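Dropping data21.cif in here (mmCIF, C-alpha atoms):
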data_work
loop_
_atom_site.label_atom_id
_atom_site.label_comp_id
_atom_site.auth_asym_id
_atom_site.auth_seq_id
_atom_site.Cartn_x
_atom_site.Cartn_y
_atom_site.Cartn_z
CA MET A 1297 -76.88 153.55 -20.04
CA PRO A 1298 -73.45 153.86 -21.73
CA LEU A 1299 -70.53 152.85 -19.49
CA ALA A 1300 -72.83 151.84 -16.64
CA THR A 1301 -71.79 149.11 -14.22
CA SER A 1302 -73.51 145.73 -14.32
CA PHE A 1303 -75.03 146.56 -10.91
CA ALA A 1304 -76.51 149.84 -12.20
CA ILE A 1305 -77.94 148.16 -15.30
CA PHE A 1306 -79.66 145.43 -13.31
CA GLN A 1307 -80.87 147.94 -10.73
CA SER A 1308 -82.46 150.07 -13.47
CA CYS A 1309 -84.45 146.98 -14.41
CA ASN A 1310 -85.52 146.46 -10.78
CA ILE A 1311 -83.49 143.25 -10.57
CA THR A 1312 -81.56 142.78 -7.35
CA GLY A 1313 -79.69 140.03 -5.56
CA VAL A 1314 -77.83 138.76 -8.64
CA LEU A 1315 -74.15 137.94 -8.25
CA LYS A 1316 -71.70 140.07 -10.22
CA SER A 1317 -70.37 137.03 -12.08
CA THR A 1318 -73.89 136.14 -13.20
CA ARG A 1319 -74.66 139.73 -14.23
CA CYS A 1320 -71.51 139.89 -16.32
CA ALA A 1321 -72.18 136.52 -17.95
CA ILE A 1322 -75.67 137.67 -18.99
CA LEU A 1323 -74.47 141.04 -20.27
CA ARG A 1324 -71.69 139.48 -22.37
CA ASP A 1325 -74.36 138.06 -24.69
CA MET A 1326 -75.62 141.55 -25.55
CA ALA A 1327 -72.90 144.07 -24.72
CA LYS A 1328 -69.18 144.70 -24.47
CA VAL A 1329 -67.00 146.46 -21.93
CA ARG A 1330 -65.55 149.64 -23.38
CA LYS A 1331 -63.77 152.75 -22.17
CA ALA A 1332 -65.08 156.21 -22.90
CA GLU A 1333 -63.78 157.55 -26.20
CA LYS A 1334 -61.16 160.21 -25.67
CA ARG A 1335 -61.31 163.37 -27.75
CA PRO A 1336 -59.47 166.67 -27.47
CA PRO A 1337 -61.41 169.56 -25.93
CA LEU A 1338 -62.84 171.78 -28.64
CA ASN A 1339 -63.83 175.37 -28.02
CA LYS A 1340 -65.83 177.47 -30.48
CA THR A 1341 -62.70 178.73 -32.26
CA HIS A 1342 -61.47 175.17 -32.75
CA GLN A 1343 -64.84 174.12 -34.12
CA LEU A 1344 -64.93 177.01 -36.59
CA LYS A 1345 -61.41 176.19 -37.79
CA ARG A 1346 -62.38 172.55 -38.25
CA GLN A 1347 -65.40 173.69 -40.25
CA ASP A 1348 -63.29 175.96 -42.43
CA TRP A 1349 -60.79 173.15 -42.98
CA ALA A 1350 -63.54 170.70 -43.92
CA LYS A 1351 -65.08 173.13 -46.41
CA LYS A 1352 -61.69 173.91 -47.93
CA TYR A 1353 -60.80 170.27 -48.57
CA LEU A 1354 -64.24 168.78 -49.15
CA LYS A 1355 -63.64 168.27 -52.87
CA THR A 1356 -60.01 167.18 -52.49
CA ASP A 1357 -58.78 163.94 -54.04
CA PHE A 1358 -57.54 162.38 -50.82
CA SER A 1359 -55.67 159.65 -52.71
CA LYS A 1360 -53.08 162.37 -53.38
CA VAL A 1361 -52.63 163.32 -49.71
CA LEU A 1362 -49.74 161.95 -47.64
CA TRP A 1363 -50.94 161.73 -44.02
CA THR A 1364 -48.02 161.80 -41.57
CA ASP A 1365 -47.52 161.58 -37.83
CA GLU A 1366 -45.18 160.45 -35.08
CA MET A 1367 -45.89 157.75 -32.51
CA ARG A 1368 -43.99 156.85 -29.35
CA VAL A 1369 -43.90 153.18 -28.39
CA SER A 1370 -42.70 152.14 -24.94
CA LEU A 1371 -41.21 148.87 -23.80
CA ASP A 1372 -44.22 148.19 -21.57
CA GLY A 1373 -47.06 149.42 -23.75
CA PRO A 1374 -49.91 151.82 -22.91
CA ASP A 1375 -51.22 151.96 -19.35
CA GLY A 1376 -54.24 149.76 -18.76
CA TRP A 1377 -53.50 147.26 -21.54
CA ALA A 1378 -52.06 144.61 -19.24
CA ARG A 1379 -55.46 143.11 -18.46
CA GLY A 1380 -57.21 139.98 -19.62
CA TRP A 1381 -59.09 136.88 -18.56
CA ILE A 1382 -57.31 133.98 -16.83
CA GLY A 1383 -58.71 130.62 -15.85
CA LYS A 1384 -59.79 129.78 -12.35
CA GLY A 1385 -56.87 128.59 -10.27
CA GLN A 1386 -54.33 130.22 -12.58
CA ARG A 1387 -52.03 132.99 -11.43
CA ALA A 1388 -51.68 136.22 -13.33
CA PRO A 1389 -48.35 136.49 -15.18
CA VAL A 1390 -45.67 138.70 -13.63
CA ARG A 1391 -44.86 141.96 -15.39
CA LEU A 1392 -41.81 144.14 -14.97
CA ARG A 1393 -42.59 147.43 -13.29
CA ARG A 1394 -40.55 150.25 -14.78
CA GLN A 1395 -40.72 154.03 -14.71
CA GLN A 1396 -42.12 155.71 -17.82
CA GLY A 1397 -42.92 152.34 -19.36
CA GLY A 1398 -39.24 151.41 -19.50
CA GLY A 1399 -38.48 154.09 -22.07
CA GLY A 1400 -39.43 154.03 -25.71
CA VAL A 1401 -38.84 154.75 -29.37
CA LEU A 1402 -40.23 157.60 -31.48
CA VAL A 1403 -41.52 156.48 -34.87
CA TRP A 1404 -42.55 158.53 -37.93
CA ALA A 1405 -44.64 157.23 -40.83
CA GLY A 1406 -47.02 158.30 -43.54
CA ILE A 1407 -49.84 156.78 -45.57
CA ILE A 1408 -51.01 157.74 -49.03
CA LYS A 1409 -53.70 155.95 -51.00
CA ASP A 1410 -52.81 152.29 -50.33
CA GLU A 1411 -49.13 152.78 -49.51
CA LEU A 1412 -47.26 152.95 -46.21
CA VAL A 1413 -44.29 155.32 -46.09
CA GLY A 1414 -41.82 154.11 -43.49
CA PRO A 1415 -41.97 153.56 -40.61
CA PHE A 1416 -38.77 155.46 -39.81
CA ARG A 1417 -37.14 155.56 -36.40
CA VAL A 1418 -36.05 158.79 -34.78
CA GLU A 1419 -32.56 158.34 -33.37
CA ASP A 1420 -32.60 157.64 -29.63
CA GLY A 1421 -31.93 160.76 -27.58
CA VAL A 1422 -32.87 163.18 -30.38
CA LYS A 1423 -35.46 165.77 -29.42
CA LEU A 1424 -37.44 166.88 -32.45
CA ASN A 1425 -37.13 170.63 -32.76
CA SER A 1426 -37.48 172.45 -36.06
CA GLN A 1427 -33.92 171.76 -37.18
CA SER A 1428 -33.77 168.09 -36.19
CA TYR A 1429 -37.26 167.45 -37.62
CA CYS A 1430 -36.27 168.84 -41.02
CA GLN A 1431 -33.00 166.90 -40.97
CA PHE A 1432 -34.92 163.75 -40.08
CA LEU A 1433 -37.28 164.25 -43.04
CA GLU A 1434 -34.31 164.83 -45.31
CA ASP A 1435 -32.54 161.63 -44.23
CA THR A 1436 -35.62 159.41 -44.29
CA PHE A 1437 -38.70 160.61 -46.13
CA PHE A 1438 -37.01 162.60 -48.89
CA LYS A 1439 -33.93 160.44 -49.52
CA GLN A 1440 -35.50 157.03 -49.03
CA TRP A 1441 -38.99 157.49 -50.51
CA HIS A 1442 -39.83 160.85 -52.08
CA ARG A 1443 -36.91 161.03 -54.52
CA LYS A 1444 -37.92 157.67 -56.03
CA LYS A 1445 -41.31 159.01 -57.10
CA SER A 1446 -42.10 160.38 -60.54
CA ALA A 1447 -42.25 164.09 -61.29
CA SER A 1448 -46.01 163.89 -61.85
CA PHE A 1449 -46.52 162.15 -58.50
CA LYS A 1450 -44.52 164.84 -56.68
CA LYS A 1451 -46.43 167.57 -58.49
CA ASN A 1452 -49.80 166.26 -57.30
CA MET A 1453 -48.90 165.09 -53.80
CA ILE A 1454 -50.21 167.08 -50.81
CA PHE A 1455 -48.20 166.82 -47.60
CA MET A 1456 -50.11 166.72 -44.31
CA GLN A 1457 -48.61 167.20 -40.85
CA ASP A 1458 -50.13 168.37 -37.59
CA ASN A 1459 -49.38 171.61 -35.77
CA ALA A 1460 -46.64 170.37 -33.46
CA PRO A 1461 -44.15 173.22 -32.84
CA SER A 1462 -41.39 171.45 -34.76
CA HIS A 1463 -43.74 171.07 -37.75
CA ALA A 1464 -45.42 174.46 -37.86
CA SER A 1465 -42.46 176.73 -37.05
CA LYS A 1466 -41.27 179.37 -39.51
CA TYR A 1467 -38.04 177.44 -39.95
CA SER A 1468 -39.80 174.18 -40.88
CA THR A 1469 -42.33 175.92 -43.10
CA ALA A 1470 -39.59 177.70 -45.03
CA TRP A 1471 -37.54 174.51 -45.30
CA LEU A 1472 -40.50 172.52 -46.65
CA ALA A 1473 -41.22 175.33 -49.11
CA ARG A 1474 -37.71 174.98 -50.50
CA LYS A 1475 -38.53 171.31 -50.98
CA GLY A 1476 -41.58 172.26 -53.01
CA LEU A 1477 -44.12 171.64 -50.24
CA LYS A 1478 -45.87 174.99 -49.93
CA GLU A 1479 -49.20 176.70 -50.49
CA GLU A 1480 -51.72 174.15 -51.81
CA LYS A 1481 -49.13 171.33 -51.58
CA LEU A 1482 -48.86 171.73 -47.79
CA MET A 1483 -52.20 171.02 -46.12
CA THR A 1484 -53.32 173.43 -43.42
CA TRP A 1485 -54.42 171.60 -40.29
CA PRO A 1486 -57.07 172.56 -37.72
CA PRO A 1487 -56.04 172.65 -34.04
CA CYS A 1488 -56.90 169.83 -31.63
CA SER A 1489 -57.89 167.46 -34.43
CA PRO A 1490 -55.96 164.17 -34.19
CA ASP A 1491 -59.28 162.39 -34.81
CA LEU A 1492 -59.25 163.68 -38.40
CA ASN A 1493 -55.88 162.13 -39.24
CA PRO A 1494 -56.37 158.56 -40.58
CA ILE A 1495 -52.83 157.50 -39.66
CA LYS A 1496 -53.92 157.54 -36.00
CA ASN A 1497 -55.92 154.42 -36.83
CA LEU A 1498 -52.80 152.82 -38.25
CA TRP A 1499 -50.99 153.46 -34.98
CA SER A 1500 -53.82 151.65 -33.17
CA ILE A 1501 -53.48 148.64 -35.48
CA ILE A 1502 -49.73 148.47 -34.89
CA LYS A 1503 -50.01 148.89 -31.12
CA CYS A 1504 -52.65 146.16 -30.86
CA GLU A 1505 -50.28 143.84 -32.68
CA ILE A 1506 -47.05 144.60 -30.83
CA TYR A 1507 -48.66 144.56 -27.38
CA LYS A 1508 -50.96 141.58 -27.84
CA GLU A 1509 -50.96 139.12 -24.97
CA VAL A 1510 -49.68 142.04 -22.85
CA LYS A 1511 -46.18 141.64 -24.27
CA GLN A 1512 -43.29 143.66 -22.85
CA TYR A 1513 -39.91 144.34 -24.44
CA THR A 1514 -36.42 144.33 -23.02
CA SER A 1515 -34.71 146.81 -25.36
CA MET A 1516 -35.36 149.73 -27.69
CA ASN A 1517 -34.25 147.64 -30.65
CA SER A 1518 -36.66 144.82 -29.86
CA VAL A 1519 -39.70 147.08 -29.68
CA TRP A 1520 -38.58 148.84 -32.89
CA GLU A 1521 -38.25 145.49 -34.66
CA ALA A 1522 -41.77 144.63 -33.50
CA VAL A 1523 -43.09 147.89 -34.97
CA VAL A 1524 -41.42 147.16 -38.31
CA ALA A 1525 -42.81 143.62 -38.37
CA ALA A 1526 -46.33 144.81 -37.51
CA ALA A 1527 -46.16 147.53 -40.17
CA ARG A 1528 -45.19 144.97 -42.81
CA ASN A 1529 -48.31 142.98 -41.95
CA VAL A 1530 -50.58 145.95 -42.69
CA ASP A 1531 -51.70 145.41 -46.28
CA GLY A 1532 -52.63 147.95 -48.92
CA GLU A 1533 -56.36 147.34 -48.53
CA GLN A 1534 -56.23 148.26 -44.84
CA ILE A 1535 -54.37 151.46 -45.65
CA LYS A 1536 -56.76 152.27 -48.48
CA THR A 1537 -59.70 151.86 -46.11
CA LEU A 1538 -58.14 154.47 -43.82
CA THR A 1539 -57.33 157.01 -46.52
CA GLU A 1540 -60.75 156.56 -48.14
CA SER A 1541 -62.41 157.36 -44.82
CA MET A 1542 -61.57 161.05 -45.21
CA ASP A 1543 -64.73 162.06 -47.09
CA GLY A 1544 -66.79 160.68 -44.21
CA ARG A 1545 -64.64 162.44 -41.62
CA LEU A 1546 -65.09 165.80 -43.30
CA LEU A 1547 -68.83 165.35 -43.72
CA SER A 1548 -69.04 164.37 -40.05
CA VAL A 1549 -67.35 167.63 -39.04
CA LEU A 1550 -69.76 169.66 -41.14
CA ALA A 1551 -72.83 167.76 -40.00
CA LYS A 1552 -72.00 168.13 -36.30
CA ILE A 1553 -71.73 171.90 -36.49
CA GLY A 1554 -74.44 172.54 -39.03
CA GLY A 1555 -72.06 173.31 -41.85
CA TYR A 1556 -72.90 170.62 -44.38
CA ILE A 1557 -72.82 172.14 -47.87
CA GLY A 1558 -73.08 169.06 -50.05
CA HIS A 1559 -70.44 167.18 -51.96
#
Mind turning the file's structure into C-alpha cells?
Amino acid sequence: MPLATSFAIFQSCNITGVLKSTRCAILRDMAKVRKAEKRPPLNKTHQLKRQDWAKKYLKTDFSKVLWTDEMRVSLDGPDGWARGWIGKGQRAPVRLRRQQGGGGVLVWAGIIKDELVGPFRVEDGVKLNSQSYCQFLEDTFFKQWHRKKSASFKKNMIFMQDNAPSHASKYSTAWLARKGLKEEKLMTWPPCSPDLNPIKNLWSIIKCEIYKEVKQYTSMNSVWEAVVAAARNVDGEQIKTLTESMDGRLLSVLAKIGGYIGH
C-alpha cells in the first residue's frame, strides 16, 4: 500500500484501537515516510520522442557529454522542507514568512565525466531570453572554462541543454553553431524529460546541503555563497556516478515502452 496512512495499513491487517504514535513507532522499523515521486506528464508523442532519443544515443560515450541546466534557489528553500522531529516539551523554531520564498538566485552549471563546470550565477534581475542566455554562456562557460580545454577535448565534447525557449530558439541555435556546437555536437533533447538529465540529481544534493536543518538566508549573496560551498563539497566520484547513470536511464526508457534493442 504505497503512500498509505498508518491507520489504513493497520486497518488492512484488521488491527484497530492502536494509537497513532504506536503505529508510527512500529512502522519506522520497516518503512519510511515518502512523498509521491513527481514526473512530467507524458503523452504518446512525448514517449515516442523519448524512445527515438534513447535509440539515437544508446551507443554514445556519455563521458564526452556536458550536461547543463539552471536551478533557482530561494532564501527560504523549497516548500514543505521546513519539517522535522523535535523533542517533547520543545517549541518549534520560528521561521520568517516571506512571499515567493524571499526571492532567489538563478544558477547555471554543467557536469561532464567527473568534473563540475561552474556553478555560475545569473546576474540578479536578468531574465534569460535568447540574447541574455547566449551572452551569459559567453561570459561564464566559454570564457572561464571552455577556452581552457584542449582542441581534442572541444572536438569530442557534446553539449546538452533542455528545450527552454531561451535555449532552443533560432537565435541561440545559430549562436551556438558559430561556437562550434552544432549537429552531432549539440544533443537533441526530448520534451518533458528532466528525469533524464543527471544534473538534476546534483541540484538535489546541493539543495539538501544548503537547506539542511531548515536553514533560511537573509540575502541573495548568502544563499549564493552557500551554493558555491556545497558545490565544492561534491567530489568527482559523486559526479561520475551521475554521468555514468546515463546508460541505465536510456535502457529504462526503452524497456518501459517496449523499445529495447540491446546495447
| query | Can you list, as a ChimeraX atom specification, the residues that the PyMOL selection byres ((chain A and resi 1483) around 10) selects here? | reply | /A:1349,1353,1361-1363,1454-1458,1477-1482,1484-1486
Can I get the selection written as a compact mmCIF listing (two decimals), keeping the file's coordinate frame, with C-alpha atoms?
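again.txt was written with the following content:
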# COMPACT_ATOMS: atom_id res chain seq x y z
CA TRP A 1349 -60.79 173.15 -42.98
CA TYR A 1353 -60.80 170.27 -48.57
CA VAL A 1361 -52.63 163.32 -49.71
CA LEU A 1362 -49.74 161.95 -47.64
CA TRP A 1363 -50.94 161.73 -44.02
CA ILE A 1454 -50.21 167.08 -50.81
CA PHE A 1455 -48.20 166.82 -47.60
CA MET A 1456 -50.11 166.72 -44.31
CA GLN A 1457 -48.61 167.20 -40.85
CA ASP A 1458 -50.13 168.37 -37.59
CA LEU A 1477 -44.12 171.64 -50.24
CA LYS A 1478 -45.87 174.99 -49.93
CA GLU A 1479 -49.20 176.70 -50.49
CA GLU A 1480 -51.72 174.15 -51.81
CA LYS A 1481 -49.13 171.33 -51.58
CA LEU A 1482 -48.86 171.73 -47.79
CA THR A 1484 -53.32 173.43 -43.42
CA TRP A 1485 -54.42 171.60 -40.29
CA PRO A 1486 -57.07 172.56 -37.72
| said: Let me make sure I understand: among A:Gly1532, A:Gly1373, A:Pro1487, A:Pro1415, which one has the smallest atom-to-atom distance to His1342 (chain A) if we use only C-alpha atoms? | reply: A:Pro1487
| task | Using CA of Ser1515 (chain A) and CA of Glu1419 (chain A) as the two end points, give the distance in Å to one decimal. | result |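 Rounded to one decimal, the two atoms are 14.2 Å apart.
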Can you spell out as a tab-separated table (two decimals) with C-alpha atoms, in the frame of the given file the set of residues that the PyMOL selection byres ((chain A and resi 1495) around 10) selects in the structure I just provided?
chain	number	residue	atom	x	y	z
A	1362	LEU	CA	-49.74	161.95	-47.64
A	1363	TRP	CA	-50.94	161.73	-44.02
A	1364	THR	CA	-48.02	161.80	-41.57
A	1365	ASP	CA	-47.52	161.58	-37.83
A	1366	GLU	CA	-45.18	160.45	-35.08
A	1367	MET	CA	-45.89	157.75	-32.51
A	1405	ALA	CA	-44.64	157.23	-40.83
A	1406	GLY	CA	-47.02	158.30	-43.54
A	1407	ILE	CA	-49.84	156.78	-45.57
A	1408	ILE	CA	-51.01	157.74	-49.03
A	1412	LEU	CA	-47.26	152.95	-46.21
A	1490	PRO	CA	-55.96	164.17	-34.19
A	1491	ASP	CA	-59.28	162.39	-34.81
A	1492	LEU	CA	-59.25	163.68	-38.40
A	1493	ASN	CA	-55.88	162.13	-39.24
A	1494	PRO	CA	-56.37	158.56	-40.58
A	1496	LYS	CA	-53.92	157.54	-36.00
A	1497	ASN	CA	-55.92	154.42	-36.83
A	1498	LEU	CA	-52.80	152.82	-38.25
A	1499	TRP	CA	-50.99	153.46	-34.98
A	1500	SER	CA	-53.82	151.65	-33.17
A	1501	ILE	CA	-53.48	148.64	-35.48
A	1535	ILE	CA	-54.37	151.46	-45.65
A	1538	LEU	CA	-58.14	154.47	-43.82
A	1539	THR	CA	-57.33	157.01	-46.52
| Could you spell out the hits of the PyMOL selection byres ((chain A and resi 1350) around 12) on the shown file, as a ChimeraX atom specification? | /A:1343-1349,1351-1356,1483-1486,1489,1492,1542-1553,1555-1559
| field | Coordinates-based distance that separates CA of Ser1448 (chain A) from CA of Thr1436 (chain A) (Å, one decimal) | value | 20.9 Å
| field | Distance of CA of Val1510 (chain A) from CA of Ser1317 (chain A), expressed in Å to one decimal place | value |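 These atoms are spaced 23.9 Å apart.
Across A:Ala1447, A:Ala1304, A:Leu1323, A:Ile1502, the tightest approach to Trp1520 (chain A) is made by A:Ile1502 when counting only C-alpha atoms.
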| Using all atoms listed in the file, which of A:Ala1527, A:Leu1315, A:Leu1371, A:Ile1305 sits nearest Thr1514 (chain A)? |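 Residue with the minimum atom-to-atom distance to Thr1514 (chain A): A:Leu1371.
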| message | Need the shell around Val1519 (chain A): protein/DNA/RNA residues with any atom at most 9 Å away, counting all atoms listed in the file. Skip same-chain ones fewer than 2 positions apart. Format as a VMD selection string? | response | chain A and resid 1369 to 1371 1400 to 1401 1506 1512 to 1517 1521 to 1524
| message | Calculated over all atoms listed in the file, which of the candidates A:Arg1324, A:Asp1372, A:Met1453, A:Ala1526 has the smallest distance to Lys1511 (chain A)? | response |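 Comparing A:Arg1324, A:Asp1372, A:Met1453, A:Ala1526 against Lys1511 (chain A), the winner is A:Asp1372.
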| message | Please return as a list in words every residue within 12 Å of (-45.3, 171.3, -33.6), taking into account only C-alpha atoms and the file's own coordinates. | response | Asp1365, Glu1366, Leu1424, Asn1425, Ser1426, Gln1427, Tyr1429, Cys1430, Gln1457, Asp1458, Asn1459, Ala1460, Pro1461, Ser1462, His1463, Ala1464, Ser1465, Lys1466, Tyr1467, Ser1468, Thr1469, Trp1485, Pro1487 and Cys1488 of chain A
